[in-house]
Each structure stands twice: as structure tokens, then as C-alpha cells.
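Here the structure comes first, spelled out in C-alpha cells, and everything after it is commentary.
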Amino acid sequence: MSVRAKKFLGQHFLTDQNIARDIVESLVATNLTRILEIGPGMGVLTNFLLENKNYETYVIEIDHESVVYLHNHFPQLKDRIIEGDFLKLDLAEKISQQPFALIGNLPYNISSQIFFKVLENRELVPEVVCMLQKEVAQRICSGPGSKVYGILSVFLQAWYNTEYLFSVPEYVFDPPPKVQSAVVRLTTNGRTELGCSEKLFFKVVKQAFNQRRKMLRNSLKSFSPQIEELDAVLLTRRPEQLSVTEFIELTNNIEILITH
Ligand code: SAM
């Protein structure tokens, strides 16, 4: 018996074994042996993860029917099958206090929330390999100057190298999704200190991209009316033209303004 696909859980099951193997083989950090898979469904990736005897695989799945299926088909996983919501999972407590890798064919409806959780736990998660909606994959992996460069690109690229690995067509899923898919890899860039207030950096980036057509001098006015007086070339640009390093510089400039 297979699992009945539930749309509200973003269930589109991958049916192509070669693609599943390619996704699992895209994990590169050889020092990471503990792996957490998000949303295993019927275990198409899990199967390949379990073939690698160096891995200690954990899975988290929200769908009870899938969890029952996984217990029946992968008894060796035993209590490493966690039934629950990844977004609510305490990673350090339930998975490990040591770094581990994340993998998954993500439920597309919550992919951004998953990345924000990854960011919060970035010290624990040095590598992520996942399949997601192609547009989101392109966004995450694009740099300044690209039309799709946005909030998530800047936040993730502050701490990760992001790579677009390959595209995946709709017809290898059951049921096929309405959108195209792609696989990306995030690996830590080793940054420990951002070089500015993290809280303010998040605020500045968000505010800047909320009005992405505007020059930064105008879109960031709410931080301080004195922003007009800052003699920064950066402020004459639009957010999509700024690299992570330039956003850090901008955040420092704004911090000086609002603390004096
Ligand atoms: N890995 C399977 C595959 O490739 O065929 C299923 C992928 S399907 C796109 C996404 C999976 O994530 C589903 O099995 C769904 O039940 C599960 N899921 C959805 N929301 C979740 C959440 N918040 N936490 C954990 N799993 C979730």
C-alpha cells in the first residue's frame, strides 16, 4: 500500500530513482555523518541514505500515514523516525548538538520558513541539499544584479555558499506539481561574525527589498531622516545591486546614524 498524496502537505512523490540517487549523492561534507531528512514521504531518498553505511539517518515527517509506511518499510530506522513538524523541531535536543546535514524534497509551501529555521540553526547545519520550486532555487542562488536576487538570497548568502545543481521536470513526480523543481546545495561559508548588528542587518535588508524599485536613500528613510545626509554611494543604488558585504557596510552606516 502506498501513501495517498495530500495536497495540503505539499505531497508530490518523486518517482525517478536516478534523480533520488543524484540528490543523495549531492551531499559533499564528508565529515558530517548524521543526516536529517525533512519530509521523507515514502522514503525515496531515505532508501539511498540508508545505503550509505557512514550515515546515521534521521527523518522527520508530519504525515501520520507516511510515518506508518516508513515504520513498515524501514524498520531499521526505528526511533530515528520522528513524527512531527520540522518547523517546530528542537534540532539540538532531538537530533544533535554536533553539526549535521539536512536533506529533503521539501514541501514547497513552507520552503522559505524552512530556510529561516536553517538560518537560526546555522551553526548546527553546515550543509543542506534540497529540492524545491525552481523559482525559489534560482532566487537563493542568484547574486546582485539579478532580477530574482532578494531577501532570502542575501540572508542565506551571508552564511552559505549556494549552488544551483540541476533542474527536475514535473513528470517525475506523482502527482506532478504545477511548478518546475530544482535541487540546490548550501554549504557553510565559514563566517562566524557578520561584522554588523545582525538584528539591524535583517531589518535593513527586509526594508530595502520591500521597495525594491526605490533607491535605498528613499526606501530606508524610516530608519532615520538623517539618512539623506549620509554621503554613501551605496544609497544611490537599488537593493538588488548590493552584495552581502555592501549590505553589511550599509547596516554599519545606519547604525552610526541611529545611535548618535
Ligand atoms: N521525500 C518524498 C519524495 O521525495 O517523494 C516526499 C516529498 S513531498 C514533496 C514533501 C514531504 O514533506 C511530504 O511527505 C509531506 O508530508 C512532508 N511534510 C510537509 N510538511 C512538513 C513539515 N512541516 N514537517 C515535516 N514534514 C512535512
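By convention here, the chains of the C-alpha cells are called A, B, ... in the order presented, each chain's residues are numbered starting at 1, and ligands are numbered starting at 1 in the order presented.
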
Could you list, as a PDB file with N, CA and C atoms, in the first residue's frame, all protein and nucleic acid residues with an atom at most 8 Å from ligand 1, counting only C-alpha atoms and all ligand atoms?
ATOM      1  N   LYS A   6      -1.375  13.965  -0.237  1.00  0.00           N
ATOM      2  CA  LYS A   6      -2.218  15.025   0.336  1.00  0.00           C
ATOM      3  C   LYS A   6      -1.666  16.377  -0.089  1.00  0.00           C
ATOM      4  N   LEU A   9      -0.261  19.058   2.341  1.00  0.00           N
ATOM      5  CA  LEU A   9       1.061  18.798   2.932  1.00  0.00           C
ATOM      6  C   LEU A   9       2.164  18.898   1.884  1.00  0.00           C
ATOM      7  N   GLY A  10       1.793  19.367   0.695  1.00  0.00           N
ATOM      8  CA  GLY A  10       2.789  19.517  -0.378  1.00  0.00           C
ATOM      9  C   GLY A  10       3.331  18.174  -0.841  1.00  0.00           C
ATOM     10  N   GLN A  11       2.490  17.142  -0.765  1.00  0.00           N
ATOM     11  CA  GLN A  11       2.997  15.809  -1.118  1.00  0.00           C
ATOM     12  C   GLN A  11       2.989  15.561  -2.622  1.00  0.00           C
ATOM     13  N   HIS A  12       4.179  15.557  -3.195  1.00  0.00           N
ATOM     14  CA  HIS A  12       4.395  15.157  -4.587  1.00  0.00           C
ATOM     15  C   HIS A  12       5.553  14.187  -4.505  1.00  0.00           C
ATOM     16  N   PHE A  13       5.267  12.926  -4.752  1.00  0.00           N
ATOM     17  CA  PHE A  13       6.299  11.912  -4.522  1.00  0.00           C
ATOM     18  C   PHE A  13       7.197  11.747  -5.742  1.00  0.00           C
ATOM     19  N   LEU A  14       8.488  11.762  -5.503  1.00  0.00           N
ATOM     20  CA  LEU A  14       9.457  11.592  -6.581  1.00  0.00           C
ATOM     21  C   LEU A  14       9.454  10.123  -7.001  1.00  0.00           C
ATOM     22  N   THR A  15       9.344   9.889  -8.321  1.00  0.00           N
ATOM     23  CA  THR A  15       9.248   8.503  -8.786  1.00  0.00           C
ATOM     24  C   THR A  15      10.516   8.049  -9.522  1.00  0.00           C
ATOM     25  N   ALA A  20      16.665  10.532  -7.450  1.00  0.00           N
ATOM     26  CA  ALA A  20      16.762  10.389  -5.987  1.00  0.00           C
ATOM     27  C   ALA A  20      18.216  10.111  -5.601  1.00  0.00           C
ATOM     28  N   ILE A  38      14.087  15.902   5.803  1.00  0.00           N
ATOM     29  CA  ILE A  38      12.788  16.557   6.042  1.00  0.00           C
ATOM     30  C   ILE A  38      11.772  15.950   5.071  1.00  0.00           C
ATOM     31  N   GLY A  39      10.651  15.510   5.588  1.00  0.00           N
ATOM     32  CA  GLY A  39       9.547  15.028   4.739  1.00  0.00           C
ATOM     33  C   GLY A  39       9.900  13.847   3.854  1.00  0.00           C
ATOM     34  N   PRO A  40      10.242  12.694   4.445  1.00  0.00           N
ATOM     35  CA  PRO A  40      10.637  11.532   3.623  1.00  0.00           C
ATOM     36  C   PRO A  40       9.501  10.917   2.814  1.00  0.00           C
ATOM     37  N   GLY A  41       8.254  11.168   3.188  1.00  0.00           N
ATOM     38  CA  GLY A  41       7.126  10.577   2.448  1.00  0.00           C
ATOM     39  C   GLY A  41       7.240   9.065   2.448  1.00  0.00           C
ATOM     40  N   MET A  42       7.415   8.472   1.241  1.00  0.00           N
ATOM     41  CA  MET A  42       7.559   7.011   1.170  1.00  0.00           C
ATOM     42  C   MET A  42       9.025   6.582   1.095  1.00  0.00           C
ATOM     43  N   GLY A  43       9.914   7.508   1.361  1.00  0.00           N
ATOM     44  CA  GLY A  43      11.313   7.115   1.565  1.00  0.00           C
ATOM     45  C   GLY A  43      12.182   6.967   0.330  1.00  0.00           C
ATOM     46  N   VAL A  44      11.819   7.663  -0.743  1.00  0.00           N
ATOM     47  CA  VAL A  44      12.615   7.509  -1.966  1.00  0.00           C
ATOM     48  C   VAL A  44      14.060   7.981  -1.760  1.00  0.00           C
ATOM     49  N   LEU A  45      14.257   9.036  -0.982  1.00  0.00           N
ATOM     50  CA  LEU A  45      15.625   9.478  -0.673  1.00  0.00           C
ATOM     51  C   LEU A  45      16.202   8.648   0.476  1.00  0.00           C
ATOM     52  N   THR A  46      15.336   8.363   1.445  1.00  0.00           N
ATOM     53  CA  THR A  46      15.758   7.619   2.644  1.00  0.00           C
ATOM     54  C   THR A  46      16.477   6.326   2.261  1.00  0.00           C
ATOM     55  N   ILE A  60      12.183  13.344   9.652  1.00  0.00           N
ATOM     56  CA  ILE A  60      11.013  13.954  10.311  1.00  0.00           C
ATOM     57  C   ILE A  60       9.905  14.113   9.294  1.00  0.00           C
ATOM     58  N   GLU A  61       8.762  13.558   9.630  1.00  0.00           N
ATOM     59  CA  GLU A  61       7.630  13.551   8.702  1.00  0.00           C
ATOM     60  C   GLU A  61       6.363  13.922   9.493  1.00  0.00           C
ATOM     61  N   ILE A  62       5.591  14.826   8.916  1.00  0.00           N
ATOM     62  CA  ILE A  62       4.388  15.318   9.615  1.00  0.00           C
ATOM     63  C   ILE A  62       3.173  14.432   9.368  1.00  0.00           C
ATOM     64  N   ASP A  63       3.211  13.690   8.275  1.00  0.00           N
ATOM     65  CA  ASP A  63       2.033  12.915   7.856  1.00  0.00           C
ATOM     66  C   ASP A  63       2.025  11.525   8.507  1.00  0.00           C
ATOM     67  N   SER A  66       2.317   8.482   6.240  1.00  0.00           N
ATOM     68  CA  SER A  66       3.694   8.259   5.761  1.00  0.00           C
ATOM     69  C   SER A  66       4.550   7.645   6.869  1.00  0.00           C
ATOM     70  N   GLU A  83       7.842  11.696  14.172  1.00  0.00           N
ATOM     71  CA  GLU A  83       6.579  12.181  13.604  1.00  0.00           C
ATOM     72  C   GLU A  83       6.358  13.590  14.124  1.00  0.00           C
ATOM     73  N   GLY A  84       6.305  14.571  13.227  1.00  0.00           N
ATOM     74  CA  GLY A  84       6.085  15.943  13.688  1.00  0.00           C
ATOM     75  C   GLY A  84       6.414  16.958  12.618  1.00  0.00           C
ATOM     76  N   ASP A  85       6.364  18.209  13.050  1.00  0.00           N
ATOM     77  CA  ASP A  85       6.552  19.346  12.143  1.00  0.00           C
ATOM     78  C   ASP A  85       8.007  19.807  12.231  1.00  0.00           C
ATOM     79  N   PHE A  86       8.712  19.773  11.123  1.00  0.00           N
ATOM     80  CA  PHE A  86      10.112  20.208  11.130  1.00  0.00           C
ATOM     81  C   PHE A  86      10.244  21.620  11.687  1.00  0.00           C
ATOM     82  N   LEU A  87       9.271  22.473  11.378  1.00  0.00           N
ATOM     83  CA  LEU A  87       9.374  23.880  11.791  1.00  0.00           C
ATOM     84  C   LEU A  87       9.350  24.019  13.313  1.00  0.00           C
ATOM     85  N   LYS A  88       8.810  22.994  13.989  1.00  0.00           N
ATOM     86  CA  LYS A  88       8.722  23.075  15.460  1.00  0.00           C
ATOM     87  C   LYS A  88       9.778  22.210  16.144  1.00  0.00           C
ATOM     88  N   GLY A 104      16.312  16.946   1.759  1.00  0.00           N
ATOM     89  CA  GLY A 104      14.876  16.730   1.615  1.00  0.00           C
ATOM     90  C   GLY A 104      14.332  17.228   0.292  1.00  0.00           C
ATOM     91  N   ASN A 105      13.289  16.540  -0.157  1.00  0.00           N
ATOM     92  CA  ASN A 105      12.461  17.091  -1.217  1.00  0.00           C
ATOM     93  C   ASN A 105      11.390  17.867  -0.467  1.00  0.00           C
ATOM     94  N   LEU A 106      11.550  19.156  -0.406  1.00  0.00           N
ATOM     95  CA  LEU A 106      10.781  19.966   0.544  1.00  0.00           C
ATOM     96  C   LEU A 106       9.322  20.108   0.160  1.00  0.00           C
ATOM     97  N   PRO A 107       8.462  20.256   1.191  1.00  0.00           N
ATOM     98  CA  PRO A 107       7.102  20.708   0.907  1.00  0.00           C
ATOM     99  C   PRO A 107       7.224  22.171   0.451  1.00  0.00           C
ATOM    100  N   TYR A 108       6.904  22.443  -0.813  1.00  0.00           N
ATOM    101  CA  TYR A 108       7.232  23.755  -1.398  1.00  0.00           C
ATOM    102  C   TYR A 108       6.536  24.914  -0.682  1.00  0.00           C
ATOM    103  N   ILE A 110       6.235  25.539   2.331  1.00  0.00           N
ATOM    104  CA  ILE A 110       6.906  26.073   3.531  1.00  0.00           C
ATOM    105  C   ILE A 110       8.419  26.175   3.345  1.00  0.00           C
ATOM    106  N   PHE A 173       7.195  13.257 -10.858  1.00  0.00           N
ATOM    107  CA  PHE A 173       6.513  13.252  -9.552  1.00  0.00           C
ATOM    108  C   PHE A 173       5.116  12.641  -9.689  1.00  0.00           C
TER     109      PHE A 173
END

Please identify the helix (DSSP H, G or I) residues within segment 55-256 of chain A (assignment by DSSP from backbone atoms) and present them as a PyMOL selection string.
chain A and resi 64-73+75-80+86-88+91-94+108-120+134-141+151-159+170-172+198-210+216-219+221-223+225-229+233-236+239-241+244-256

At a cut-off of 12 Å, using only C-alpha atoms, what residues contact Gln133 of chain A? Leave out same-chain residues fewer than 2 positions from it and give the result as a ChimeraX atom specification.
/A:10,12,105-112,130-131,135-140,164,166-170,177-184

Once DSSP has gone over the backbone, tell me which residues of segment 16-241 of chain A are in strand (DSSP E or B), as a ChimeraX atom specification.
/A:34-38,56-61,81-83,101-105,127-133,160-168,173-174,181-188

I want to know what sits within 10 Å of Ile35 of chain A, based on only C-alpha atoms, with residues of the same chain fewer than 5 positions away left out; could you give that as a PyMOL selection string?
chain A and resi 27+49+55-59+95-96+99-103+125+127-128

Would you please work out which residue, of A:Asn31, A:Arg213, A:Lys147, A:Ala158, is nearest to Glu246 of chain A when using only C-alpha atoms?
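When distances to Glu246 of chain A are compared using only C-alpha atoms, the smallest one comes from A:Ala158.
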
Using only C-alpha atoms, which residue out of A:Arg80, A:Arg4, A:His71, A:Arg217 lies closest to Arg238 of chain A?
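The answer is A:Arg217, which sits nearest to Arg238 of chain A.
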
Excluding Phe155 of chain A and any residue of its chain fewer than 3 positions from it, enumerate the residues within 12 Å of it, using only C-alpha atoms, and give them as a compact mmCIF listing (two decimals) with all heavy atoms, in the first residue's frame.
# COMPACT_ATOMS: atom_id res chain seq x y z
N SER A 112 10.40 28.61 2.36
CA SER A 112 11.05 29.80 2.93
C SER A 112 11.16 29.67 4.45
O SER A 112 12.20 30.00 5.03
CB SER A 112 10.27 31.08 2.61
OG SER A 112 10.28 31.26 1.23
N PHE A 115 14.01 27.60 5.37
CA PHE A 115 15.30 28.28 5.27
C PHE A 115 15.52 29.25 6.43
O PHE A 115 16.65 29.41 6.90
CB PHE A 115 15.46 29.00 3.93
CG PHE A 115 15.71 28.03 2.81
CD1 PHE A 115 14.84 27.91 1.75
CD2 PHE A 115 16.83 27.20 2.84
CE1 PHE A 115 15.07 26.99 0.73
CE2 PHE A 115 17.06 26.28 1.84
CZ PHE A 115 16.18 26.18 0.78
N PHE A 116 14.46 29.89 6.91
CA PHE A 116 14.64 30.77 8.06
C PHE A 116 15.03 29.95 9.29
O PHE A 116 15.83 30.38 10.11
CB PHE A 116 13.39 31.64 8.31
CG PHE A 116 13.37 32.83 7.37
CD1 PHE A 116 12.53 32.89 6.28
CD2 PHE A 116 14.26 33.88 7.58
CE1 PHE A 116 12.56 33.97 5.39
CE2 PHE A 116 14.29 34.97 6.70
CZ PHE A 116 13.44 35.02 5.62
N LYS A 117 14.46 28.76 9.39
CA LYS A 117 14.84 27.88 10.51
C LYS A 117 16.31 27.44 10.36
O LYS A 117 17.04 27.36 11.35
CB LYS A 117 13.91 26.67 10.55
CG LYS A 117 14.32 25.67 11.59
CD LYS A 117 13.17 24.98 12.21
CE LYS A 117 13.69 24.06 13.31
NZ LYS A 117 12.71 23.84 14.32
N VAL A 118 16.72 27.15 9.13
CA VAL A 118 18.12 26.78 8.89
C VAL A 118 19.03 27.93 9.33
O VAL A 118 20.03 27.73 10.01
CB VAL A 118 18.33 26.44 7.38
CG1 VAL A 118 19.82 26.39 7.04
CG2 VAL A 118 17.67 25.12 7.04
N LEU A 119 18.64 29.15 8.98
CA LEU A 119 19.46 30.32 9.35
C LEU A 119 19.60 30.44 10.87
O LEU A 119 20.67 30.71 11.38
CB LEU A 119 18.85 31.59 8.78
CG LEU A 119 19.11 31.84 7.29
CD1 LEU A 119 18.24 32.97 6.77
CD2 LEU A 119 20.59 32.15 7.05
N GLU A 120 18.49 30.22 11.55
CA GLU A 120 18.53 30.30 13.03
C GLU A 120 19.46 29.25 13.62
O GLU A 120 20.02 29.43 14.68
CB GLU A 120 17.13 30.04 13.60
CG GLU A 120 16.24 31.25 13.63
CD GLU A 120 14.79 30.84 13.91
OE1 GLU A 120 14.55 29.82 14.58
OE2 GLU A 120 13.90 31.55 13.40
N ARG A 122 22.14 27.86 11.99
CA ARG A 122 23.22 27.69 11.02
C ARG A 122 24.49 27.06 11.59
O ARG A 122 25.21 26.36 10.87
CB ARG A 122 23.55 29.02 10.35
CG ARG A 122 23.92 30.11 11.31
CD ARG A 122 24.11 31.43 10.63
NE ARG A 122 24.45 32.43 11.59
CZ ARG A 122 23.57 33.25 12.18
NH1 ARG A 122 22.29 33.19 11.86
NH2 ARG A 122 23.95 34.13 13.08
N ARG A 139 16.33 32.03 -7.02
CA ARG A 139 16.45 33.20 -6.14
C ARG A 139 17.58 33.02 -5.13
O ARG A 139 18.43 33.89 -4.95
CB ARG A 139 15.11 33.38 -5.41
CG ARG A 139 15.03 34.58 -4.50
CD ARG A 139 13.68 34.64 -3.82
NE ARG A 139 12.59 34.89 -4.74
CZ ARG A 139 12.27 36.07 -5.25
NH1 ARG A 139 12.99 37.13 -4.93
NH2 ARG A 139 11.27 36.21 -6.06
N ILE A 140 17.57 31.85 -4.50
CA ILE A 140 18.57 31.57 -3.47
C ILE A 140 19.99 31.61 -4.04
O ILE A 140 20.94 32.01 -3.36
CB ILE A 140 18.31 30.15 -2.90
CG1 ILE A 140 17.09 30.16 -2.00
CG2 ILE A 140 19.50 29.61 -2.14
CD1 ILE A 140 16.68 28.78 -1.55
N CYS A 141 20.11 31.22 -5.30
CA CYS A 141 21.45 31.07 -5.88
C CYS A 141 21.87 32.26 -6.74
O CYS A 141 22.95 32.25 -7.30
CB CYS A 141 21.52 29.78 -6.70
SG CYS A 141 21.19 28.34 -5.68
N GLY A 143 22.95 36.24 -7.59
CA GLY A 143 23.71 37.29 -6.93
C GLY A 143 23.22 38.66 -7.32
O GLY A 143 22.24 38.80 -8.07
N TYR A 149 17.24 38.22 -7.35
CA TYR A 149 18.01 38.38 -6.11
C TYR A 149 17.12 39.09 -5.08
O TYR A 149 16.50 40.11 -5.39
CB TYR A 149 19.22 39.24 -6.45
CG TYR A 149 20.23 39.53 -5.37
CD1 TYR A 149 20.94 38.53 -4.73
CD2 TYR A 149 20.51 40.86 -5.02
CE1 TYR A 149 21.91 38.83 -3.78
CE2 TYR A 149 21.48 41.16 -4.08
CZ TYR A 149 22.17 40.14 -3.45
OH TYR A 149 23.12 40.44 -2.52
N GLY A 150 17.01 38.51 -3.89
CA GLY A 150 16.08 39.10 -2.91
C GLY A 150 16.49 38.81 -1.47
O GLY A 150 17.64 38.44 -1.20
N ILE A 151 15.52 38.98 -0.57
CA ILE A 151 15.78 38.85 0.87
C ILE A 151 16.46 37.51 1.21
O ILE A 151 17.50 37.48 1.87
CB ILE A 151 14.46 39.00 1.66
CG1 ILE A 151 13.89 40.40 1.45
CG2 ILE A 151 14.66 38.71 3.13
CD1 ILE A 151 12.51 40.61 2.07
N LEU A 152 15.85 36.43 0.72
CA LEU A 152 16.38 35.11 1.06
C LEU A 152 17.78 34.89 0.48
O LEU A 152 18.63 34.26 1.10
CB LEU A 152 15.40 34.03 0.53
CG LEU A 152 15.37 32.70 1.25
CD1 LEU A 152 15.21 32.85 2.75
CD2 LEU A 152 14.25 31.83 0.68
N ALA A 158 24.78 35.27 3.22
CA ALA A 158 25.61 35.82 4.29
C ALA A 158 26.35 34.68 5.01
O ALA A 158 27.45 34.87 5.50
CB ALA A 158 24.76 36.62 5.27
N TRP A 159 25.74 33.52 5.06
CA TRP A 159 26.35 32.41 5.82
C TRP A 159 26.62 31.14 5.01
O TRP A 159 27.27 30.23 5.49
CB TRP A 159 25.47 32.06 7.03
CG TRP A 159 25.57 33.11 8.09
CD1 TRP A 159 26.59 33.26 8.99
CD2 TRP A 159 24.65 34.17 8.35
NE1 TRP A 159 26.35 34.34 9.79
CE2 TRP A 159 25.16 34.92 9.43
CE3 TRP A 159 23.43 34.55 7.80
CZ2 TRP A 159 24.52 36.03 9.95
CZ3 TRP A 159 22.79 35.66 8.31
CH2 TRP A 159 23.33 36.39 9.38
N TYR A 160 26.09 31.10 3.78
CA TYR A 160 26.27 29.88 2.98
C TYR A 160 26.72 30.20 1.56
O TYR A 160 26.35 31.24 1.00
CB TYR A 160 24.93 29.11 2.87
CG TYR A 160 24.46 28.49 4.16
CD1 TYR A 160 23.57 29.17 5.00
CD2 TYR A 160 24.90 27.22 4.55
CE1 TYR A 160 23.13 28.59 6.19
CE2 TYR A 160 24.47 26.65 5.74
CZ TYR A 160 23.59 27.33 6.55
OH TYR A 160 23.16 26.77 7.73
N ASN A 161 27.48 29.26 0.98
CA ASN A 161 27.68 29.27 -0.47
C ASN A 161 26.48 28.51 -1.04
O ASN A 161 26.17 27.41 -0.56
CB ASN A 161 28.96 28.53 -0.85
CG ASN A 161 30.17 29.23 -0.25
OD1 ASN A 161 30.26 30.45 -0.26
ND2 ASN A 161 31.11 28.46 0.30
N THR A 162 25.82 29.10 -2.01
CA THR A 162 24.62 28.46 -2.54
C THR A 162 24.86 28.04 -3.99
O THR A 162 25.38 28.80 -4.78
CB THR A 162 23.41 29.42 -2.49
OG1 THR A 162 23.73 30.59 -3.25
CG2 THR A 162 23.10 29.86 -1.08
N LEU A 194 29.23 38.58 11.58
CA LEU A 194 28.70 39.25 10.39
C LEU A 194 29.43 40.58 10.13
O LEU A 194 29.54 41.02 8.99
CB LEU A 194 27.20 39.49 10.61
CG LEU A 194 26.36 39.88 9.42
CD1 LEU A 194 26.52 38.87 8.28
CD2 LEU A 194 24.90 39.99 9.79
N GLU A 198 23.40 42.01 13.71
CA GLU A 198 22.62 41.05 12.92
C GLU A 198 21.16 41.46 12.81
O GLU A 198 20.53 41.38 11.76
CB GLU A 198 22.71 39.71 13.62
CG GLU A 198 22.85 38.57 12.66
CD GLU A 198 23.12 37.30 13.42
OE1 GLU A 198 24.32 37.01 13.69
OE2 GLU A 198 22.16 36.61 13.75
N LYS A 199 20.67 41.94 13.97
CA LYS A 199 19.25 42.33 14.03
C LYS A 199 18.97 43.47 13.04
O LYS A 199 17.99 43.43 12.28
CB LYS A 199 18.96 42.80 15.46
CG LYS A 199 17.58 42.45 15.92
CD LYS A 199 17.46 42.73 17.39
CE LYS A 199 16.06 43.18 17.69
NZ LYS A 199 15.94 43.72 19.03
N PHE A 201 20.82 44.30 10.45
CA PHE A 201 21.07 43.79 9.09
C PHE A 201 19.78 43.17 8.53
O PHE A 201 19.36 43.47 7.41
CB PHE A 201 22.19 42.75 9.17
CG PHE A 201 22.48 42.00 7.89
CD1 PHE A 201 23.21 42.58 6.86
CD2 PHE A 201 22.06 40.68 7.72
CE1 PHE A 201 23.51 41.88 5.70
CE2 PHE A 201 22.35 39.97 6.56
CZ PHE A 201 23.07 40.57 5.55
N PHE A 202 19.12 42.32 9.32
CA PHE A 202 17.88 41.70 8.88
C PHE A 202 16.83 42.76 8.55
O PHE A 202 16.14 42.69 7.54
CB PHE A 202 17.33 40.74 9.94
CG PHE A 202 17.97 39.36 9.88
CD1 PHE A 202 19.17 39.09 10.51
CD2 PHE A 202 17.37 38.34 9.16
CE1 PHE A 202 19.76 37.83 10.44
CE2 PHE A 202 17.95 37.07 9.08
CZ PHE A 202 19.15 36.82 9.72
N LYS A 203 16.75 43.76 9.42
CA LYS A 203 15.75 44.83 9.23
C LYS A 203 16.04 45.63 7.96
O LYS A 203 15.14 45.94 7.19
CB LYS A 203 15.77 45.79 10.42
CG LYS A 203 14.98 45.32 11.59
CD LYS A 203 14.85 46.48 12.57
CE LYS A 203 14.24 46.05 13.87
NZ LYS A 203 14.51 47.01 14.94
N VAL A 204 17.31 45.98 7.78
CA VAL A 204 17.70 46.81 6.63
C VAL A 204 17.42 46.07 5.32
O VAL A 204 16.82 46.61 4.39
CB VAL A 204 19.21 47.21 6.72
CG1 VAL A 204 19.70 47.81 5.42
CG2 VAL A 204 19.43 48.17 7.88
N VAL A 205 17.82 44.80 5.28
CA VAL A 205 17.63 44.02 4.04
C VAL A 205 16.13 43.89 3.73
O VAL A 205 15.70 44.09 2.58
CB VAL A 205 18.31 42.63 4.16
CG1 VAL A 205 18.00 41.76 2.94
CG2 VAL A 205 19.82 42.79 4.35
N LYS A 206 15.35 43.59 4.75
CA LYS A 206 13.91 43.43 4.53
C LYS A 206 13.28 44.72 4.03
O LYS A 206 12.53 44.73 3.06
CB LYS A 206 13.22 43.00 5.83
CG LYS A 206 13.28 41.52 6.07
CD LYS A 206 12.39 41.16 7.24
CE LYS A 206 12.50 39.68 7.55
NZ LYS A 206 12.08 39.34 8.90
N PHE A 209 14.28 45.58 0.38
CA PHE A 209 13.64 44.79 -0.68
C PHE A 209 12.12 44.95 -0.69
O PHE A 209 11.48 44.61 -1.67
CB PHE A 209 14.03 43.31 -0.58
CG PHE A 209 15.37 43.02 -1.20
CD1 PHE A 209 16.48 42.80 -0.41
CD2 PHE A 209 15.52 42.97 -2.58
CE1 PHE A 209 17.73 42.54 -0.98
CE2 PHE A 209 16.76 42.70 -3.16
CZ PHE A 209 17.86 42.49 -2.36
N SER A 243 25.77 43.70 -2.80
CA SER A 243 26.24 42.38 -2.35
C SER A 243 26.02 42.28 -0.84
O SER A 243 25.71 43.28 -0.18
CB SER A 243 27.73 42.24 -2.65
OG SER A 243 28.44 43.19 -1.87
N VAL A 244 26.25 41.10 -0.30
CA VAL A 244 26.13 40.90 1.15
C VAL A 244 27.07 41.86 1.87
O VAL A 244 26.69 42.54 2.83
CB VAL A 244 26.46 39.43 1.52
CG1 VAL A 244 26.58 39.28 3.04
CG2 VAL A 244 25.41 38.49 0.98
N THR A 245 28.31 41.95 1.39
CA THR A 245 29.31 42.82 2.04
C THR A 245 28.83 44.27 2.03
O THR A 245 29.02 45.00 3.01
CB THR A 245 30.66 42.72 1.27
OG1 THR A 245 30.91 41.34 1.06
CG2 THR A 245 31.78 43.36 2.01
N PHE A 247 25.68 45.26 1.96
CA PHE A 247 24.58 45.39 2.92
C PHE A 247 25.13 45.52 4.34
O PHE A 247 24.56 46.23 5.17
CB PHE A 247 23.62 44.19 2.83
CG PHE A 247 22.48 44.43 1.88
CD1 PHE A 247 22.36 43.71 0.71
CD2 PHE A 247 21.51 45.39 2.16
CE1 PHE A 247 21.31 43.94 -0.18
CE2 PHE A 247 20.45 45.62 1.30
CZ PHE A 247 20.36 44.89 0.12
N ILE A 248 26.23 44.84 4.61
CA ILE A 248 26.85 44.93 5.95
C ILE A 248 27.37 46.36 6.16
O ILE A 248 27.15 46.98 7.20
CB ILE A 248 27.98 43.87 6.08
CG1 ILE A 248 27.37 42.47 6.09
CG2 ILE A 248 28.81 44.12 7.35
CD1 ILE A 248 28.36 41.33 5.98
